[in-house]
Amino acid sequence: MNFLRRGTSTGSGSEPDDATTAEADDRETVVVGERGARQTTGKGRPTPARRDAQGKRRGPVAPAPKTQREAMKRARALRGTKDDRRKASADRRKRMMAGDDSVLLPRDRGPARAYARDLVDARRNLMGLFMPLAVVIFVTVIVPIPQVQTAGSLICLVMLVMMALEGVMLGRYVVTRVRAKFPDEQIGGLSYGWYAFTRATQLRRLRMPAPRVARGTAIA
């Protein structure tokens with residue numbers, strides 16, 4: 001604050017009085033104090049979690065019902081919302097089972113995938129016994145009879161080897177047919193082969209989309 005001192009001396013030719021000096025010192029202290037607070041003072045509170053911040057932005061929570069009639073009315077509204085969601089979910093599942101591309105997963109969309117599914121569903125595959133075989137393996141493990149465990153393990157091992165070989169042949173068959181049917185599309189051998197293998201290992205009634213051809217049907 002020397003410029004105040006020089007300005008005063010120049011203008012009046014005398015030293016500044018005590019009141020002026022004290023006021024200048026006070027101003028300097030306030031400025032320094034504000035700068036120090038800006039440099040050292042933080043928020044003073046932890047950063048809230050995202051879901052807490054979002055919850056605060058959603059607005060206040062609805063008050064509790066004051067009467068039984070209001071509670072019943074709110075329960076009916078909530079029940080109606082749940083019923084709507086349940087109906088929408090059922091409708092979506094029905095459309096997925098029917099093979100509607102608008103609701104199917106990306107891996108199941110397109111005519112090439114639908115054709116691959118038809119090729120798998122029209123065949124009788126040993127891999128369809130994969131899930132029952134898993135149950136047999138579990139039973140042979142928990143049965144405390146060495147002869148049963150040995151026989152079960154051997155049978156399961158043979159079945160798994162046969163399923164693996166059948167899966168390789170099925171994958172090659174499906175890829176060849178799909179490429180011949182859709183020559184203008186990029187058909188990945190590994191992608192379509194694995195797709196055919198995984199579908200063949202599922203029980204027929206659990207496959208999604210549902211099979212649209214019967215077993216033994218000749219697929220053109």
# chains A, B, ... in the order shown; residues from 1 in each chain; ligands from 1

$ residues_around --residues "segment 133-141 of chain A" --least-positions-apart "4" --cutoff "10 Å" --atoms "only C-alpha atoms" --output "PyMOL selection string"
chain A and resi 127-129+145-153+155-157+159-160

$ write_last_selection --atoms "N, CA and C atoms" --output "PDB file, in the first residue's frame"
ATOM      1  N   MET A 127     -26.352 -83.932 -29.683  1.00  0.00           N
ATOM      2  CA  MET A 127     -26.045 -82.845 -28.749  1.00  0.00           C
ATOM      3  C   MET A 127     -27.277 -82.373 -27.994  1.00  0.00           C
ATOM      4  N   GLY A 128     -28.474 -82.723 -28.465  1.00  0.00           N
ATOM      5  CA  GLY A 128     -29.682 -82.373 -27.734  1.00  0.00           C
ATOM      6  C   GLY A 128     -29.763 -83.042 -26.376  1.00  0.00           C
ATOM      7  N   LEU A 129     -28.920 -84.066 -26.154  1.00  0.00           N
ATOM      8  CA  LEU A 129     -28.884 -84.757 -24.862  1.00  0.00           C
ATOM      9  C   LEU A 129     -27.826 -84.176 -23.929  1.00  0.00           C
ATOM     10  N   ILE A 145     -20.889 -95.160  -4.867  1.00  0.00           N
ATOM     11  CA  ILE A 145     -20.604 -96.521  -5.324  1.00  0.00           C
ATOM     12  C   ILE A 145     -19.513 -96.434  -6.389  1.00  0.00           C
ATOM     13  N   PRO A 146     -18.345 -96.965  -6.137  1.00  0.00           N
ATOM     14  CA  PRO A 146     -17.230 -96.824  -7.097  1.00  0.00           C
ATOM     15  C   PRO A 146     -17.558 -97.379  -8.474  1.00  0.00           C
ATOM     16  N   GLN A 147     -18.262 -98.526  -8.537  1.00  0.00           N
ATOM     17  CA  GLN A 147     -18.563 -99.114  -9.839  1.00  0.00           C
ATOM     18  C   GLN A 147     -19.475 -98.195 -10.661  1.00  0.00           C
ATOM     19  N   VAL A 148     -20.467 -97.601  -9.999  1.00  0.00           N
ATOM     20  CA  VAL A 148     -21.375 -96.691 -10.700  1.00  0.00           C
ATOM     21  C   VAL A 148     -20.630 -95.433 -11.157  1.00  0.00           C
ATOM     22  N   GLN A 149     -19.769 -94.914 -10.315  1.00  0.00           N
ATOM     23  CA  GLN A 149     -19.010 -93.729 -10.684  1.00  0.00           C
ATOM     24  C   GLN A 149     -18.086 -94.005 -11.869  1.00  0.00           C
ATOM     25  N   THR A 150     -17.448 -95.168 -11.857  1.00  0.00           N
ATOM     26  CA  THR A 150     -16.533 -95.498 -12.958  1.00  0.00           C
ATOM     27  C   THR A 150     -17.296 -95.664 -14.269  1.00  0.00           C
ATOM     28  N   ALA A 151     -18.393 -96.434 -14.224  1.00  0.00           N
ATOM     29  CA  ALA A 151     -19.177 -96.660 -15.443  1.00  0.00           C
ATOM     30  C   ALA A 151     -19.793 -95.357 -15.943  1.00  0.00           C
ATOM     31  N   GLY A 152     -20.333 -94.572 -15.016  1.00  0.00           N
ATOM     32  CA  GLY A 152     -20.943 -93.305 -15.417  1.00  0.00           C
ATOM     33  C   GLY A 152     -19.928 -92.344 -16.022  1.00  0.00           C
ATOM     34  N   SER A 153     -18.753 -92.276 -15.434  1.00  0.00           N
ATOM     35  CA  SER A 153     -17.714 -91.394 -15.959  1.00  0.00           C
ATOM     36  C   SER A 153     -17.281 -91.816 -17.358  1.00  0.00           C
ATOM     37  N   ILE A 155     -19.084 -93.544 -19.594  1.00  0.00           N
ATOM     38  CA  ILE A 155     -20.169 -93.272 -20.542  1.00  0.00           C
ATOM     39  C   ILE A 155     -20.250 -91.778 -20.866  1.00  0.00           C
ATOM     40  N   CYS A 156     -20.135 -90.978 -19.844  1.00  0.00           N
ATOM     41  CA  CYS A 156     -20.204 -89.537 -20.062  1.00  0.00           C
ATOM     42  C   CYS A 156     -19.042 -89.046 -20.918  1.00  0.00           C
ATOM     43  N   LEU A 157     -17.858 -89.598 -20.708  1.00  0.00           N
ATOM     44  CA  LEU A 157     -16.710 -89.196 -21.497  1.00  0.00           C
ATOM     45  C   LEU A 157     -16.903 -89.550 -22.971  1.00  0.00           C
ATOM     46  N   MET A 159     -19.759 -89.978 -24.504  1.00  0.00           N
ATOM     47  CA  MET A 159     -20.822 -89.121 -25.042  1.00  0.00           C
ATOM     48  C   MET A 159     -20.300 -87.722 -25.347  1.00  0.00           C
ATOM     49  N   LEU A 160     -19.479 -87.180 -24.488  1.00  0.00           N
ATOM     50  CA  LEU A 160     -18.944 -85.837 -24.715  1.00  0.00           C
ATOM     51  C   LEU A 160     -18.055 -85.793 -25.953  1.00  0.00           C
TER      52      LEU A 160
END

$ select_by_dssp --residues "segment 91-146 of chain A" --states "alpha helix (DSSP H)" --output "ChimeraX atom specification"
/A:91-98,111-121,130-142,146

$ write_last_selection --atoms "N, CA, C and O atoms" --output "short mmCIF file (atom, residue, chain, number, x, y, z; two decimals), in the first residue's frame"
data_model
loop_
_atom_site.label_atom_id
_atom_site.label_comp_id
_atom_site.auth_asym_id
_atom_site.auth_seq_id
_atom_site.Cartn_x
_atom_site.Cartn_y
_atom_site.Cartn_z
N ASP A 91 -45.63 -60.03 -23.86
CA ASP A 91 -45.76 -59.76 -25.29
C ASP A 91 -44.40 -59.78 -25.97
O ASP A 91 -44.26 -60.31 -27.09
N ARG A 92 -43.40 -59.24 -25.30
CA ARG A 92 -42.06 -59.24 -25.88
C ARG A 92 -41.54 -60.67 -26.02
O ARG A 92 -40.95 -61.03 -27.05
N ARG A 93 -41.76 -61.50 -25.01
CA ARG A 93 -41.30 -62.89 -25.08
C ARG A 93 -42.03 -63.63 -26.20
O ARG A 93 -41.43 -64.44 -26.91
N LYS A 94 -43.32 -63.36 -26.34
CA LYS A 94 -44.08 -64.02 -27.40
C LYS A 94 -43.53 -63.65 -28.77
O LYS A 94 -43.40 -64.51 -29.66
N ARG A 95 -43.20 -62.39 -28.95
CA ARG A 95 -42.65 -61.95 -30.23
C ARG A 95 -41.25 -62.52 -30.46
O ARG A 95 -40.88 -62.83 -31.60
N MET A 96 -40.48 -62.68 -29.40
CA MET A 96 -39.16 -63.29 -29.53
C MET A 96 -39.28 -64.75 -29.91
O MET A 96 -38.52 -65.25 -30.76
N MET A 97 -40.21 -65.45 -29.32
CA MET A 97 -40.42 -66.85 -29.66
C MET A 97 -40.87 -67.00 -31.11
O MET A 97 -40.55 -67.99 -31.78
N ALA A 98 -41.62 -66.01 -31.61
CA ALA A 98 -42.08 -66.05 -33.00
C ALA A 98 -41.00 -65.64 -33.99
O ALA A 98 -41.19 -65.77 -35.20
N PRO A 111 -32.06 -62.84 -41.84
CA PRO A 111 -32.51 -64.07 -42.51
C PRO A 111 -31.46 -65.17 -42.49
O PRO A 111 -31.81 -66.36 -42.49
N ALA A 112 -30.17 -64.80 -42.48
CA ALA A 112 -29.13 -65.82 -42.45
C ALA A 112 -29.16 -66.59 -41.13
O ALA A 112 -29.01 -67.82 -41.11
N ARG A 113 -29.35 -65.90 -40.03
CA ARG A 113 -29.44 -66.57 -38.73
C ARG A 113 -30.70 -67.43 -38.65
O ARG A 113 -30.67 -68.53 -38.10
N ALA A 114 -31.80 -66.92 -39.19
CA ALA A 114 -33.03 -67.72 -39.19
C ALA A 114 -32.85 -69.00 -40.00
O ALA A 114 -33.33 -70.07 -39.62
N TYR A 115 -32.15 -68.90 -41.12
CA TYR A 115 -31.90 -70.08 -41.95
C TYR A 115 -31.01 -71.07 -41.21
O TYR A 115 -31.23 -72.30 -41.28
N ALA A 116 -30.00 -70.57 -40.50
CA ALA A 116 -29.13 -71.46 -39.72
C ALA A 116 -29.93 -72.17 -38.63
O ALA A 116 -29.72 -73.36 -38.37
N ARG A 117 -30.85 -71.47 -38.00
CA ARG A 117 -31.69 -72.10 -36.97
C ARG A 117 -32.55 -73.21 -37.57
O ARG A 117 -32.73 -74.26 -36.97
N ASP A 118 -33.09 -72.95 -38.76
CA ASP A 118 -33.91 -73.97 -39.41
C ASP A 118 -33.10 -75.22 -39.73
O ASP A 118 -33.59 -76.35 -39.59
N LEU A 119 -31.86 -75.04 -40.16
CA LEU A 119 -31.01 -76.19 -40.46
C LEU A 119 -30.75 -77.02 -39.21
O LEU A 119 -30.73 -78.26 -39.26
N VAL A 120 -30.55 -76.36 -38.09
CA VAL A 120 -30.29 -77.08 -36.84
C VAL A 120 -31.57 -77.76 -36.34
O VAL A 120 -31.54 -78.93 -35.91
N ASP A 121 -32.69 -77.05 -36.40
CA ASP A 121 -33.94 -77.58 -35.86
C ASP A 121 -34.49 -78.74 -36.69
O ASP A 121 -35.27 -79.55 -36.17
N PHE A 130 -27.31 -83.01 -24.27
CA PHE A 130 -26.24 -82.43 -23.45
C PHE A 130 -26.73 -82.11 -22.04
O PHE A 130 -26.05 -82.45 -21.06
N MET A 131 -27.89 -81.49 -21.91
CA MET A 131 -28.41 -81.15 -20.58
C MET A 131 -28.76 -82.39 -19.76
O MET A 131 -28.40 -82.47 -18.58
N PRO A 132 -29.48 -83.37 -20.33
CA PRO A 132 -29.69 -84.61 -19.55
C PRO A 132 -28.39 -85.29 -19.17
O PRO A 132 -28.29 -85.88 -18.08
N LEU A 133 -27.39 -85.20 -20.05
CA LEU A 133 -26.10 -85.82 -19.72
C LEU A 133 -25.45 -85.11 -18.53
O LEU A 133 -24.81 -85.76 -17.69
N ALA A 134 -25.64 -83.82 -18.41
CA ALA A 134 -25.10 -83.09 -17.27
C ALA A 134 -25.73 -83.58 -15.97
O ALA A 134 -25.05 -83.69 -14.93
N VAL A 135 -27.02 -83.90 -16.01
CA VAL A 135 -27.69 -84.45 -14.83
C VAL A 135 -27.12 -85.82 -14.48
O VAL A 135 -26.89 -86.16 -13.30
N VAL A 136 -26.87 -86.64 -15.50
CA VAL A 136 -26.29 -87.97 -15.26
C VAL A 136 -24.91 -87.84 -14.63
O VAL A 136 -24.56 -88.59 -13.70
N ILE A 137 -24.12 -86.92 -15.11
CA ILE A 137 -22.78 -86.71 -14.53
C ILE A 137 -22.89 -86.31 -13.07
O ILE A 137 -22.13 -86.80 -12.21
N PHE A 138 -23.83 -85.45 -12.74
CA PHE A 138 -24.01 -85.02 -11.36
C PHE A 138 -24.41 -86.21 -10.48
O PHE A 138 -23.92 -86.36 -9.35
N VAL A 139 -25.29 -87.06 -10.98
CA VAL A 139 -25.74 -88.21 -10.20
C VAL A 139 -24.59 -89.18 -9.95
O VAL A 139 -24.42 -89.71 -8.84
N THR A 140 -23.79 -89.44 -10.98
CA THR A 140 -22.67 -90.38 -10.81
C THR A 140 -21.62 -89.84 -9.83
O THR A 140 -20.89 -90.63 -9.22
N VAL A 141 -21.56 -88.53 -9.69
CA VAL A 141 -20.59 -87.96 -8.75
C VAL A 141 -21.04 -88.14 -7.31
O VAL A 141 -20.23 -88.43 -6.41
N ILE A 142 -22.35 -87.98 -7.05
CA ILE A 142 -22.83 -88.03 -5.67
C ILE A 142 -23.15 -89.44 -5.20
O ILE A 142 -23.28 -89.67 -3.99
N PRO A 146 -18.35 -96.96 -6.14
CA PRO A 146 -17.23 -96.82 -7.10
C PRO A 146 -17.56 -97.38 -8.47
O PRO A 146 -17.17 -96.80 -9.50
#

$ residues_around --residues "Ala122 of chain A" --least-positions-apart "3" --cutoff "8 Å" --atoms "only C-alpha atoms" --output "PyMOL selection string"
chain A and resi 118-119+213-219

$ atom_distance --atom1 "atom CA of Arg199 of chain A" --atom2 "atom CA of Leu170 of chain A"
10.9 Å
